[in-house]
Every structure is written in C-alpha cells, then in structure tokens.
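Asker: This is the content of data.csv (CSV, C-alpha atoms):
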```csv
chain,number,residue,atom,x,y,z
A,1,MET,CA,0.0,0.0,0.0
A,2,LEU,CA,2.8,2.5,0.9
A,3,SER,CA,4.5,2.2,-2.5
A,4,PHE,CA,1.1,2.7,-4.2
A,5,TYR,CA,0.5,5.7,-2.0
A,6,GLU,CA,3.9,7.2,-2.9
A,7,THR,CA,3.5,6.6,-6.6
A,8,MET,CA,0.1,8.3,-6.6
A,9,ASN,CA,1.6,11.3,-4.7
A,10,ARG,CA,4.5,11.5,-7.1
A,11,GLU,CA,2.2,11.5,-10.1
A,12,GLY,CA,0.1,14.3,-8.6
A,13,VAL,CA,-3.0,12.1,-8.1
A,14,VAL,CA,-5.4,14.0,-5.7
A,15,LEU,CA,-8.1,11.4,-5.7
A,16,TYR,CA,-8.3,7.8,-6.7
A,17,PHE,CA,-11.2,5.4,-6.4
A,18,ASN,CA,-11.6,1.9,-7.7
A,19,GLY,CA,-14.7,-0.2,-7.1
A,20,PRO,CA,-18.5,-0.1,-7.0
A,21,ILE,CA,-20.0,3.3,-7.8
A,22,SER,CA,-23.6,4.2,-6.8
A,23,GLN,CA,-25.3,7.6,-6.5
A,24,SER,CA,-24.3,7.9,-2.8
A,25,VAL,CA,-20.6,7.5,-3.9
A,26,VAL,CA,-21.1,10.2,-6.5
A,27,GLU,CA,-22.5,12.5,-3.9
A,28,GLY,CA,-19.8,11.7,-1.3
A,29,ILE,CA,-16.8,11.9,-3.6
A,30,GLY,CA,-18.1,14.9,-5.5
A,31,ASP,CA,-18.8,16.9,-2.4
A,32,MET,CA,-15.5,16.0,-0.8
A,33,MET,CA,-13.6,17.0,-3.9
A,34,ARG,CA,-15.4,20.3,-4.1
A,35,ARG,CA,-14.7,21.1,-0.4
A,36,LYS,CA,-11.1,20.2,-0.8
A,37,MET,CA,-10.7,22.5,-3.8
A,38,ALA,CA,-12.5,25.3,-2.0
A,39,PHE,CA,-10.2,24.8,1.1
A,40,GLU,CA,-7.2,25.1,-1.1
A,41,GLU,CA,-8.6,28.2,-2.7
A,42,ASN,CA,-8.5,27.0,-6.2
A,43,GLY,CA,-11.3,29.4,-7.2
A,44,MET,CA,-15.0,28.7,-7.7
A,45,GLN,CA,-14.7,28.4,-11.5
A,46,LEU,CA,-12.1,25.7,-11.4
A,47,ALA,CA,-13.7,23.8,-8.5
A,48,GLN,CA,-17.1,23.8,-10.3
A,49,LYS,CA,-15.5,22.5,-13.5
A,50,VAL,CA,-13.7,19.6,-11.8
A,51,PHE,CA,-16.9,18.8,-9.8
A,52,SER,CA,-19.0,18.9,-12.9
A,53,VAL,CA,-16.8,16.6,-15.0
A,54,LEU,CA,-16.4,14.2,-12.0
A,55,VAL,CA,-20.2,13.9,-11.6
A,56,GLU,CA,-20.8,13.4,-15.3
A,57,GLN,CA,-18.1,10.7,-15.4
A,58,MET,CA,-19.3,8.8,-12.3
A,59,GLN,CA,-22.9,8.9,-13.4
A,60,ASN,CA,-21.8,7.5,-16.8
A,61,VAL,CA,-20.2,4.6,-15.0
A,62,ILE,CA,-23.4,3.9,-13.2
A,63,CYS,CA,-25.3,4.2,-16.4
A,64,TYR,CA,-23.0,1.8,-18.3
A,65,ALA,CA,-24.1,-0.8,-15.8
A,66,ARG,CA,-27.8,-0.2,-16.4
A,67,GLU,CA,-28.5,-3.7,-17.8
A,68,SER,CA,-27.8,-5.1,-14.3
A,69,CYS,CA,-29.8,-2.5,-12.3
A,70,THR,CA,-32.5,-3.5,-9.8
A,71,ALA,CA,-35.7,-1.4,-9.7
A,72,THR,CA,-34.4,0.8,-7.0
A,73,GLU,CA,-30.6,0.8,-7.3
A,74,CYS,CA,-27.9,1.0,-9.9
A,75,ILE,CA,-24.3,0.1,-9.2
A,76,GLY,CA,-21.5,0.5,-11.7
A,77,VAL,CA,-17.9,-0.5,-11.4
A,78,GLY,CA,-15.0,1.6,-12.3
A,79,GLN,CA,-12.1,3.8,-11.5
A,80,ILE,CA,-12.1,7.5,-10.9
A,81,MET,CA,-9.0,9.7,-10.8
A,82,VAL,CA,-8.4,13.4,-10.3
A,83,GLY,CA,-4.9,14.7,-10.7
A,84,ARG,CA,-3.0,17.9,-11.0
A,85,SER,CA,0.2,19.1,-12.5
A,86,GLY,CA,0.8,22.7,-11.4
A,87,GLU,CA,-2.4,24.7,-11.9
A,88,GLN,CA,-3.8,22.2,-14.4
A,89,PHE,CA,-6.3,19.5,-13.3
A,90,TYR,CA,-7.6,16.4,-15.0
A,91,VAL,CA,-10.4,14.1,-14.3
A,92,ALA,CA,-10.3,10.5,-15.6
A,93,CYS,CA,-12.4,7.5,-15.4
A,94,GLY,CA,-12.2,3.9,-16.5
A,95,ASN,CA,-14.8,1.2,-16.6
A,96,PRO,CA,-16.0,-1.8,-18.6
A,97,VAL,CA,-18.6,-1.2,-21.3
A,98,SER,CA,-20.5,-3.5,-23.6
A,99,ARG,CA,-18.7,-3.7,-27.0
A,100,LYS,CA,-22.0,-3.0,-28.7
A,101,ARG,CA,-21.7,0.6,-27.3
A,102,GLU,CA,-18.1,1.2,-28.3
A,103,GLN,CA,-18.8,2.6,-31.8
A,104,ARG,CA,-21.5,5.0,-30.6
A,105,ILE,CA,-19.3,6.3,-27.7
A,106,ARG,CA,-16.4,6.8,-30.2
A,107,GLU,CA,-18.7,8.8,-32.5
A,108,ARG,CA,-20.0,11.0,-29.7
A,109,ILE,CA,-16.5,11.9,-28.4
A,110,ASP,CA,-15.0,12.4,-31.9
A,111,THR,CA,-17.9,14.7,-32.7
A,112,VAL,CA,-17.4,17.0,-29.7
A,113,ASN,CA,-13.6,16.9,-30.1
A,114,GLY,CA,-13.9,18.4,-33.5
A,115,MET,CA,-15.9,21.4,-32.4
A,116,SER,CA,-15.0,25.0,-31.4
A,117,ARG,CA,-16.5,26.6,-28.3
A,118,GLU,CA,-19.3,28.2,-30.2
A,119,GLU,CA,-20.1,25.0,-32.1
A,120,LEU,CA,-20.2,23.1,-28.8
A,121,LYS,CA,-22.6,25.6,-27.3
A,122,ALA,CA,-24.9,25.4,-30.3
A,123,TYR,CA,-24.7,21.6,-30.4
A,124,TYR,CA,-25.4,21.4,-26.6
A,125,LYS,CA,-28.6,23.5,-27.1
A,126,GLU,CA,-29.7,21.6,-30.1
A,127,GLN,CA,-29.3,18.2,-28.3
A,128,ARG,CA,-30.9,19.5,-25.2
A,129,ARG,CA,-34.1,20.3,-27.1
A,130,LYS,CA,-33.9,17.1,-29.2
A,131,GLY,CA,-33.6,14.6,-26.4
A,132,PRO,CA,-31.3,11.6,-26.1
A,133,ASP,CA,-30.9,8.8,-28.7
A,134,GLU,CA,-31.7,5.3,-27.7
A,135,ASP,CA,-28.3,4.3,-26.5
A,136,SER,CA,-27.6,7.4,-24.4
A,137,CYS,CA,-27.3,7.6,-20.7
A,138,GLY,CA,-29.5,10.3,-19.1
A,139,ALA,CA,-30.0,13.2,-21.4
A,140,GLY,CA,-27.2,12.3,-23.8
A,141,LEU,CA,-25.4,15.5,-23.1
A,142,GLY,CA,-22.5,14.3,-20.8
A,143,PHE,CA,-19.7,14.3,-23.3
A,144,ILE,CA,-20.7,17.7,-24.7
A,145,GLU,CA,-20.8,19.0,-21.1
A,146,MET,CA,-17.3,17.6,-20.5
A,147,ALA,CA,-15.9,19.0,-23.7
A,148,ARG,CA,-17.3,22.4,-22.8
A,149,LYS,CA,-15.4,22.3,-19.5
A,150,ALA,CA,-12.2,20.9,-21.0
A,151,SER,CA,-9.1,22.9,-22.1
A,152,ARG,CA,-8.1,20.2,-24.6
A,153,PRO,CA,-9.8,17.5,-26.7
A,154,LEU,CA,-11.0,14.5,-24.6
A,155,GLN,CA,-8.6,11.6,-24.6
A,156,TYR,CA,-10.0,8.2,-24.7
A,157,ARG,CA,-9.3,4.5,-25.5
A,158,PHE,CA,-11.0,1.2,-25.6
A,159,ASP,CA,-9.2,-2.0,-24.7
A,160,PRO,CA,-11.0,-5.3,-25.3
A,161,ILE,CA,-11.5,-7.5,-22.2
A,162,ASP,CA,-13.4,-10.3,-23.9
A,163,ASP,CA,-15.8,-10.9,-26.7
A,164,THR,CA,-18.6,-8.8,-25.2
A,165,THR,CA,-16.8,-6.2,-23.1
A,166,SER,CA,-14.2,-3.5,-23.5
A,167,PHE,CA,-12.4,-1.3,-21.0
A,168,PHE,CA,-13.2,2.3,-21.7
A,169,ALA,CA,-11.0,5.1,-20.4
A,170,VAL,CA,-11.5,8.8,-20.8
A,171,LYS,CA,-9.4,11.7,-19.6
A,172,VAL,CA,-10.6,15.3,-19.4
A,173,HIS,CA,-8.1,18.1,-19.0
A,174,ILE,CA,-9.8,21.0,-17.2
B,1,MET,CA,-61.0,20.3,-10.6
B,2,THR,CA,-59.9,20.2,-7.0
B,3,PRO,CA,-57.8,23.0,-5.6
B,4,LEU,CA,-54.2,22.3,-5.6
B,5,ALA,CA,-52.3,21.6,-2.4
B,6,ARG,CA,-48.9,23.2,-1.7
B,7,PHE,CA,-46.1,21.1,-3.1
B,8,TYR,CA,-43.1,20.7,-1.0
B,9,VAL,CA,-40.0,18.4,-1.3
B,10,ALA,CA,-37.1,18.6,1.1
B,11,ALA,CA,-33.6,19.0,-0.3
B,12,THR,CA,-31.1,16.1,-0.4
B,13,LYS,CA,-27.4,16.2,-1.3
B,14,SER,CA,-28.2,15.9,-5.0
B,15,SER,CA,-31.7,17.3,-5.3
B,16,PRO,CA,-33.2,20.7,-4.6
B,17,ALA,CA,-35.7,21.8,-2.0
B,18,ILE,CA,-38.9,22.4,-3.9
B,19,ASP,CA,-41.7,24.7,-2.7
B,20,PHE,CA,-44.6,25.5,-4.9
B,21,ASP,CA,-47.3,27.6,-3.3
B,22,PRO,CA,-50.5,27.9,-5.4
B,23,ALA,CA,-52.0,30.4,-2.9
B,24,SER,CA,-49.4,33.1,-3.7
B,25,ASN,CA,-48.5,31.7,-7.2
B,26,SER,CA,-44.9,31.6,-6.2
B,27,MET,CA,-42.6,28.7,-6.6
B,28,SER,CA,-39.0,28.0,-5.8
B,29,MET,CA,-36.3,25.3,-6.3
B,30,ARG,CA,-33.1,25.8,-4.3
B,31,GLY,CA,-30.0,23.6,-4.0
B,32,GLU,CA,-28.2,21.0,-6.0
B,33,SER,CA,-29.6,19.0,-9.0
B,34,TYR,CA,-27.8,15.8,-10.0
B,35,PRO,CA,-30.2,13.1,-8.9
B,36,GLU,CA,-29.6,9.5,-10.1
B,37,ASN,CA,-32.7,9.4,-12.3
B,38,CYS,CA,-33.5,13.0,-13.3
B,39,SER,CA,-36.7,12.3,-15.2
B,40,ARG,CA,-38.1,10.2,-12.4
B,41,PHE,CA,-37.2,12.8,-9.7
B,42,TYR,CA,-38.8,15.7,-11.6
B,43,GLU,CA,-41.9,13.9,-12.9
B,44,PRO,CA,-44.1,14.9,-9.9
B,45,VAL,CA,-43.0,18.5,-10.5
B,46,PHE,CA,-44.2,18.4,-14.1
B,47,GLN,CA,-47.5,16.8,-13.0
B,48,TRP,CA,-48.1,19.4,-10.4
B,49,LEU,CA,-47.3,22.2,-12.8
B,50,ARG,CA,-49.5,21.0,-15.6
B,51,HIS,CA,-52.3,20.8,-13.1
B,52,TYR,CA,-51.5,24.2,-11.7
B,53,LEU,CA,-51.3,25.8,-15.2
B,54,ALA,CA,-54.7,24.3,-16.2
B,55,TYR,CA,-56.3,25.4,-12.9
B,56,THR,CA,-55.0,29.0,-12.5
B,57,GLY,CA,-55.4,30.3,-16.0
B,58,THR,CA,-53.9,33.7,-16.5
B,59,GLN,CA,-52.9,34.5,-12.9
B,60,PRO,CA,-49.2,35.7,-12.9
B,61,MET,CA,-46.7,33.3,-11.5
B,62,LEU,CA,-43.2,33.5,-10.3
B,63,LEU,CA,-40.5,30.8,-10.1
B,64,ASP,CA,-37.3,31.4,-8.2
B,65,LEU,CA,-34.4,29.1,-9.1
B,66,GLU,CA,-31.2,29.0,-7.1
B,67,ILE,CA,-29.4,26.0,-8.3
B,68,ILE,CA,-25.8,25.6,-7.1
B,69,TYR,CA,-24.9,22.9,-9.5
B,70,PHE,CA,-26.9,20.9,-12.0
B,71,ASN,CA,-25.8,18.0,-14.2
B,72,SER,CA,-26.4,17.6,-17.9
B,73,SER,CA,-29.6,15.5,-17.4
B,74,SER,CA,-31.0,18.3,-15.1
B,75,SER,CA,-30.2,20.8,-17.8
B,76,LYS,CA,-32.4,18.9,-20.3
B,77,THR,CA,-35.2,18.7,-17.6
B,78,PHE,CA,-35.0,22.4,-16.9
B,79,MET,CA,-35.3,23.2,-20.6
B,80,ASP,CA,-38.4,21.0,-20.7
B,81,LEU,CA,-39.7,22.9,-17.7
B,82,PHE,CA,-39.1,26.3,-19.3
B,83,ASP,CA,-40.7,25.1,-22.5
B,84,LEU,CA,-43.8,24.2,-20.6
B,85,LEU,CA,-43.9,27.6,-18.8
B,86,ASP,CA,-43.1,29.5,-22.0
B,87,ALA,CA,-46.0,27.8,-23.7
B,88,ALA,CA,-48.3,29.0,-20.9
B,89,ALA,CA,-46.8,32.5,-21.2
B,90,GLU,CA,-47.6,32.5,-25.0
B,91,THR,CA,-51.2,31.9,-24.2
B,92,GLY,CA,-51.4,34.9,-21.9
B,93,LYS,CA,-50.2,33.8,-18.5
B,94,PRO,CA,-47.5,36.2,-17.1
B,95,VAL,CA,-44.7,34.0,-16.1
B,96,THR,CA,-41.5,35.2,-14.5
B,97,VAL,CA,-38.5,33.0,-13.8
B,98,ARG,CA,-35.7,34.4,-11.7
B,99,TRP,CA,-32.4,32.7,-12.1
B,100,HIS,CA,-30.3,33.4,-9.0
B,101,TYR,CA,-26.5,32.9,-9.3
B,102,HIS,CA,-23.5,33.6,-7.1
B,103,PRO,CA,-21.5,36.5,-8.6
B,104,GLU,CA,-18.3,34.6,-8.6
B,105,ASN,CA,-19.9,31.6,-10.3
B,106,GLU,CA,-19.4,32.4,-14.0
B,107,THR,CA,-20.7,29.0,-15.0
B,108,ALA,CA,-24.0,29.5,-13.2
B,109,PHE,CA,-24.4,32.9,-14.9
B,110,GLU,CA,-23.6,31.5,-18.4
B,111,CYS,CA,-26.1,28.7,-17.9
B,112,GLY,CA,-28.8,31.2,-17.0
B,113,GLU,CA,-27.9,33.2,-20.1
B,114,GLU,CA,-28.2,30.1,-22.3
B,115,PHE,CA,-31.7,29.4,-20.9
B,116,GLN,CA,-32.6,33.0,-21.3
B,117,GLU,CA,-31.6,32.9,-25.0
B,118,ASP,CA,-33.9,29.8,-25.5
B,119,VAL,CA,-37.2,31.2,-24.1
B,120,ARG,CA,-39.4,33.7,-25.9
B,121,HIS,CA,-42.6,34.6,-24.1
B,122,MET,CA,-41.9,34.6,-20.4
B,123,THR,CA,-39.7,37.0,-18.4
B,124,PHE,CA,-36.4,35.4,-17.6
B,125,GLU,CA,-34.3,37.4,-15.2
B,126,LEU,CA,-30.7,36.8,-14.1
B,127,VAL,CA,-30.3,37.8,-10.5
B,128,PRO,CA,-26.9,38.1,-8.9
B,129,LYS,CA,-27.0,36.9,-5.3
B,130,THR,CA,-26.0,39.5,-2.8
B,131,VAL,CA,-23.4,38.1,-0.4
```
Translate this file's structure into structure tokens.
Answerer:
Amino acid sequence: MLSFYETMNREGVVLYFNGPISQSVVEGIGDMMRRKMAFEENGMQLAQKVFSVLVEQMQNVICYARESCTATECIGVGQIMVGRSGEQFYVACGNPVSRKREQRIRERIDTVNGMSREELKAYYKEQRRKGPDEDSCGAGLGFIEMARKASRPLQYRFDPIDDTTSFFAVKVHI
Amino acid sequence: MTPLARFYVAATKSSPAIDFDPASNSMSMRGESYPENCSRFYEPVFQWLRHYLAYTGTQPMLLDLEIIYFNSSSSKTFMDLFDLLDAAAETGKPVTVRWHYHPENETAFECGEEFQEDVRHMTFELVPKTV
C-alpha cells in the first residue's frame, strides 16, 4: 500500500477510487472534492468545472451498468481519478462497457472533439431540445458538457477485455 | 378540478428543495440538482405544474431558481420545464423566472444566459445573489 500511495503522490493524483459506484458514492466523492478545492482556494470556477466533470463521469459509470440494475438501485464498477500538474487539473475514469456501445461512444466523443467553443454551445442547445438517442445515458449531453469544461480535446481509449466487453477510459483536462 | 395543495419536497445532497405555493403563485427550487434518475425525480414537479397551469389560467406566476450545480440531465429537464412555462406565457399567463446565481460563479451565470436565449414569451431574469 505504501508504494502505491507514494506513486500516486509523485504522479500528482489527488483522488483515486476503484470499485463499485452508486449515487451515494457520486454525492460523497463529488462533495468532498469540491470542499477540498474550496479549502485550497482554487477558485470557484475551477472547482465547479472539476466537480461537474467528476459527476458526469461517475454517473456515466453507473449508467453503463444499467442492464444489471435493480428497480431501486444501480451500481456501476469503475475507476475515478483526479490529478493535477501545477495549476492544471484532469479528471479521468475507466470502466467496462459492452462492446455494442463502443462505436456510438467513439462517434460521440469524436464529434465534440472536432468542435469549437461556439459550435459546442450550439450543439449542446440543439441536443438538449432534441432529447437523447436510444443508446444514451441520461439526457445524452454528458460528453458535450465535459468538452465544454475541457481545455483540450477529450482523450479516450478502448481495450478489449473479452468478446462482449471493452475497458473504456476517458481523460478530461480542465 | 380540486384546488391544488402546496407542493413541498425537502432537499437532499443531490436534489433541490422544492416549494410550490398555489395560494401566492410563487414557486422555488433551491439547492443541487444531480439526482440518479432525473426524469423520475422531476416527474411529480411536471405533473403538479401541468395541473396548476390548467387550474390557474392567466394569474401571474413567479418561479425562483437558485441551483448551485446541475448535471447535464437536469439541464435537459430544466429546458423542458421552461418550454412548458413558455407555452403558458404564450397563451397569456404572465410567467417570471428568476435565475439566481453567485456573482463569482461564472458557469451559473452563463447557464442562466443560455436558458434566457432559448425562451421567448416569459420573463427570464438573471439575478446576482448579494453576499
């Protein structure tokens, strides 16, 4: 554990979580991260952006597990990481997704990565009125929201785990 | 139609306090908005409002919103809510929405502006919170 702790510190990792993620985890981790950033006087803007991306990512993880939800509860499994180098923060997340979803997720991220600030705003408003497509989680606006908070294009990759599942990782530089 | 009862929901960590008072035609939602299932959480709000709008006709109404943070699903839900109120305003009901934001919170201001740009018939005010 100590070497793991030291490595994380050296890499500038502020927060790392690996395991089951439910709504109460989203609330707890999100709130704690926001308090920590406020305590360190990072500015309301930056704290809000990190919080926002963190919530979108964690709720995505819950959503990717929606086939296995019960009527009252949904638990996803994944990793969440917040890191910093100097004044720059990043929020990353990794989780298994069904391979059926891979293509649609790629398309969504590639679409927002190719857009300017103004185009993102227009696209966000258009999609907000249109409503989500069938395969979306929630309102289908999460990646647009992340792209609007990001200072660089979203980085992502898929690594196959088996015939039906891939490991999806996405990193958002704030 | 039966008179409407006051509609009140207590805040949680991820959902706002809701207080809709038909006697004074004033409504408010204050707090955070990132519930697990946004459409399920807000469905009773829409039901109540549809009933209220049908029942109160052209009486003026006021909605105060002071949302610290909302996720992308809530954004969609709020747009649906404003569309519903905007449609009522179009048919002659004076509707005012006041979007309260913290002056240091640029994001909250911009979000309010984006909603303001997307409504046509109601009054949508951006109100900086005095601290």
Asker: Taking a cut-off of 6 Å and counting all atoms listed in the file, can you build a table that, for each residue of chain A near chain B, reports the nearest atom pair and how far apart they are in Å (one decimal), sorted by chain then residue number, as CSV?
Answerer:
```
residue,atom,partner,partner_atom,distance
A:Gln23,CA,B:Glu36,CA,5.9
A:Arg128,CA,B:Lys76,CA,5.2
A:Gly138,CA,B:Ser73,CA,5.5
A:Ala139,CA,B:Ser73,CA,4.6
A:Leu141,CA,B:Ser72,CA,5.7
A:Gly142,CA,B:Ser72,CA,5.9
```
Asker: Go ahead and save the picked residues with C-alpha atoms, as a PDB file, keeping the file's coordinate frame.
Answerer:
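File again20.pdb, as written:
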```pdb
ATOM      1  CA  GLN A  23     -25.300   7.600  -6.500  1.00  0.00           C
ATOM      2  CA  ARG A 128     -30.900  19.500 -25.200  1.00  0.00           C
ATOM      3  CA  GLY A 138     -29.500  10.300 -19.100  1.00  0.00           C
ATOM      4  CA  ALA A 139     -30.000  13.200 -21.400  1.00  0.00           C
ATOM      5  CA  LEU A 141     -25.400  15.500 -23.100  1.00  0.00           C
ATOM      6  CA  GLY A 142     -22.500  14.300 -20.800  1.00  0.00           C
TER       7      GLY A 142
END
```
Asker: In the coordinates of the file, take the point (-50.7, 29.5, -16.3) and a cut-off of 6 Å; then, counting only C-alpha atoms, name each qualifying protein, DNA or RNA residue as a short mmCIF file (atom, residue, chain, number, x, y, z; two decimals) with C-alpha atoms, keeping the file's coordinate frame.
Answerer:
```cif
data_model
loop_
_atom_site.label_atom_id
_atom_site.label_comp_id
_atom_site.auth_asym_id
_atom_site.auth_seq_id
_atom_site.Cartn_x
_atom_site.Cartn_y
_atom_site.Cartn_z
CA LEU B 53 -51.30 25.80 -15.20
CA THR B 56 -55.00 29.00 -12.50
CA GLY B 57 -55.40 30.30 -16.00
CA THR B 58 -53.90 33.70 -16.50
CA ALA B 88 -48.30 29.00 -20.90
CA LYS B 93 -50.20 33.80 -18.50
#
```
Asker: Rounded to one decimal, what separation in Å do you get between CA of Ser3 in chain A and CA of Ile80 in chain A?
Answerer: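 Here the two named atoms are 19.3 Å from each other.
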Asker: Calculate how many Å separate CA of Tyr101 in chain B from CA of Cys137 in chain A, rounding to one decimal.
Answerer: 27.8 Å
Asker: Name all residues at most 10 Å from range 18-21 of chain A (count all atoms listed in the file; drop same-chain ones fewer than 5 positions away) and give them as a ChimeraX atom specification.
Answerer: /A:26,58-59,61-62,65,74-81,93-95
Asker: When you draw a straight line from CA of Met146 in chain A to CA of Glu87 in chain A, how long is it in Å?
Answerer: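 Those two atoms sit 18.6 Å apart.
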Asker: My list of candidates is B:Ala17, B:Arg120, B:Glu66, B:Phe109. Which is closest to Glu90 in chain B when distances are computed with only C-alpha atoms?
Answerer: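 Looking at the shortest contact to Glu90 in chain B, the residue is B:Arg120.
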Asker: Within 6 Å of (-27.7, 38.4, -10.2) (coordinates as in the file), grab all the protein and nucleic acid residues, counting all atoms listed in the file, and write them out as a tab-separated table (two decimals) with C-alpha atoms, keeping the file's coordinate frame.
Answerer:
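Listing of out27.tsv after writing:
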```
chain	number	residue	atom	x	y	z
B	100	HIS	CA	-30.30	33.40	-9.00
B	101	TYR	CA	-26.50	32.90	-9.30
B	126	LEU	CA	-30.70	36.80	-14.10
B	127	VAL	CA	-30.30	37.80	-10.50
B	128	PRO	CA	-26.90	38.10	-8.90
B	129	LYS	CA	-27.00	36.90	-5.30
```
Asker: Find the spatial neighbours of His51 in chain B, counting all atoms listed in the file, within a cut-off of 8 Å - ignore same-chain residues fewer than 4 positions away - and output them as a list in words.
Answerer: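 Skipping anything fewer than 4 positions along the chain leaves Leu4, Gln47 and Tyr55 of chain B.
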Asker: Show me, as an mmCIF file with C-alpha atoms, in the frame of the given file, the residues that have an atom within 8 Å of His121 in chain B when counting all atoms listed in the file, minus same-chain residues fewer than 3 positions from it.
Answerer:
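What ended up in selection-v9.cif:
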```
data_model
loop_
_atom_site.group_PDB
_atom_site.id
_atom_site.type_symbol
_atom_site.label_atom_id
_atom_site.label_comp_id
_atom_site.auth_asym_id
_atom_site.auth_seq_id
_atom_site.Cartn_x
_atom_site.Cartn_y
_atom_site.Cartn_z
ATOM 1 C CA ASP B 86 -43.100 29.500 -22.000
ATOM 2 C CA ALA B 87 -46.000 27.800 -23.700
ATOM 3 C CA ALA B 89 -46.800 32.500 -21.200
ATOM 4 C CA GLU B 90 -47.600 32.500 -25.000
#
```
Asker: Which neighbours of Gln116 in chain B fall inside 10 Å, counting all atoms listed in the file, when residues of the same chain fewer than 4 positions from it are skipped, and could you give them as a list in words?
Answerer: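 Those residues are Phe82, Val97, Trp99, Glu110, Cys111, Gly112, Arg120, Met122, Thr123, Phe124, Glu125 and Leu126 of chain B.
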Asker: Export, as an mmCIF file, keeping the file's coordinate frame, the selected residues with C-alpha atoms.
Answerer:
```cif
data_model
loop_
_atom_site.group_PDB
_atom_site.id
_atom_site.type_symbol
_atom_site.label_atom_id
_atom_site.label_comp_id
_atom_site.auth_asym_id
_atom_site.auth_seq_id
_atom_site.Cartn_x
_atom_site.Cartn_y
_atom_site.Cartn_z
ATOM 1 C CA PHE B 82 -39.100 26.300 -19.300
ATOM 2 C CA VAL B 97 -38.500 33.000 -13.800
ATOM 3 C CA TRP B 99 -32.400 32.700 -12.100
ATOM 4 C CA GLU B 110 -23.600 31.500 -18.400
ATOM 5 C CA CYS B 111 -26.100 28.700 -17.900
ATOM 6 C CA GLY B 112 -28.800 31.200 -17.000
ATOM 7 C CA ARG B 120 -39.400 33.700 -25.900
ATOM 8 C CA MET B 122 -41.900 34.600 -20.400
ATOM 9 C CA THR B 123 -39.700 37.000 -18.400
ATOM 10 C CA PHE B 124 -36.400 35.400 -17.600
ATOM 11 C CA GLU B 125 -34.300 37.400 -15.200
ATOM 12 C CA LEU B 126 -30.700 36.800 -14.100
#
```
Asker: Smallest atom-to-atom distance to Val112 in chain A: which of A:Glu40, A:Glu126, A:Asp159, A:Glu145, using only C-alpha atoms?
Answerer: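 Residue with the minimum atom-to-atom distance to Val112 in chain A: A:Glu145.
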Asker: Report as a list in words all protein, DNA and RNA residues lying within 9 Å of Leu62 in chain B, evaluated on only C-alpha atoms, omitting residues in the same chain fewer than 6 positions from it.
Answerer: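 That gives Asn25, Ser26, Met27, Ser28, Pro94, Val95, Thr96, Val97 and Arg98 of chain B.
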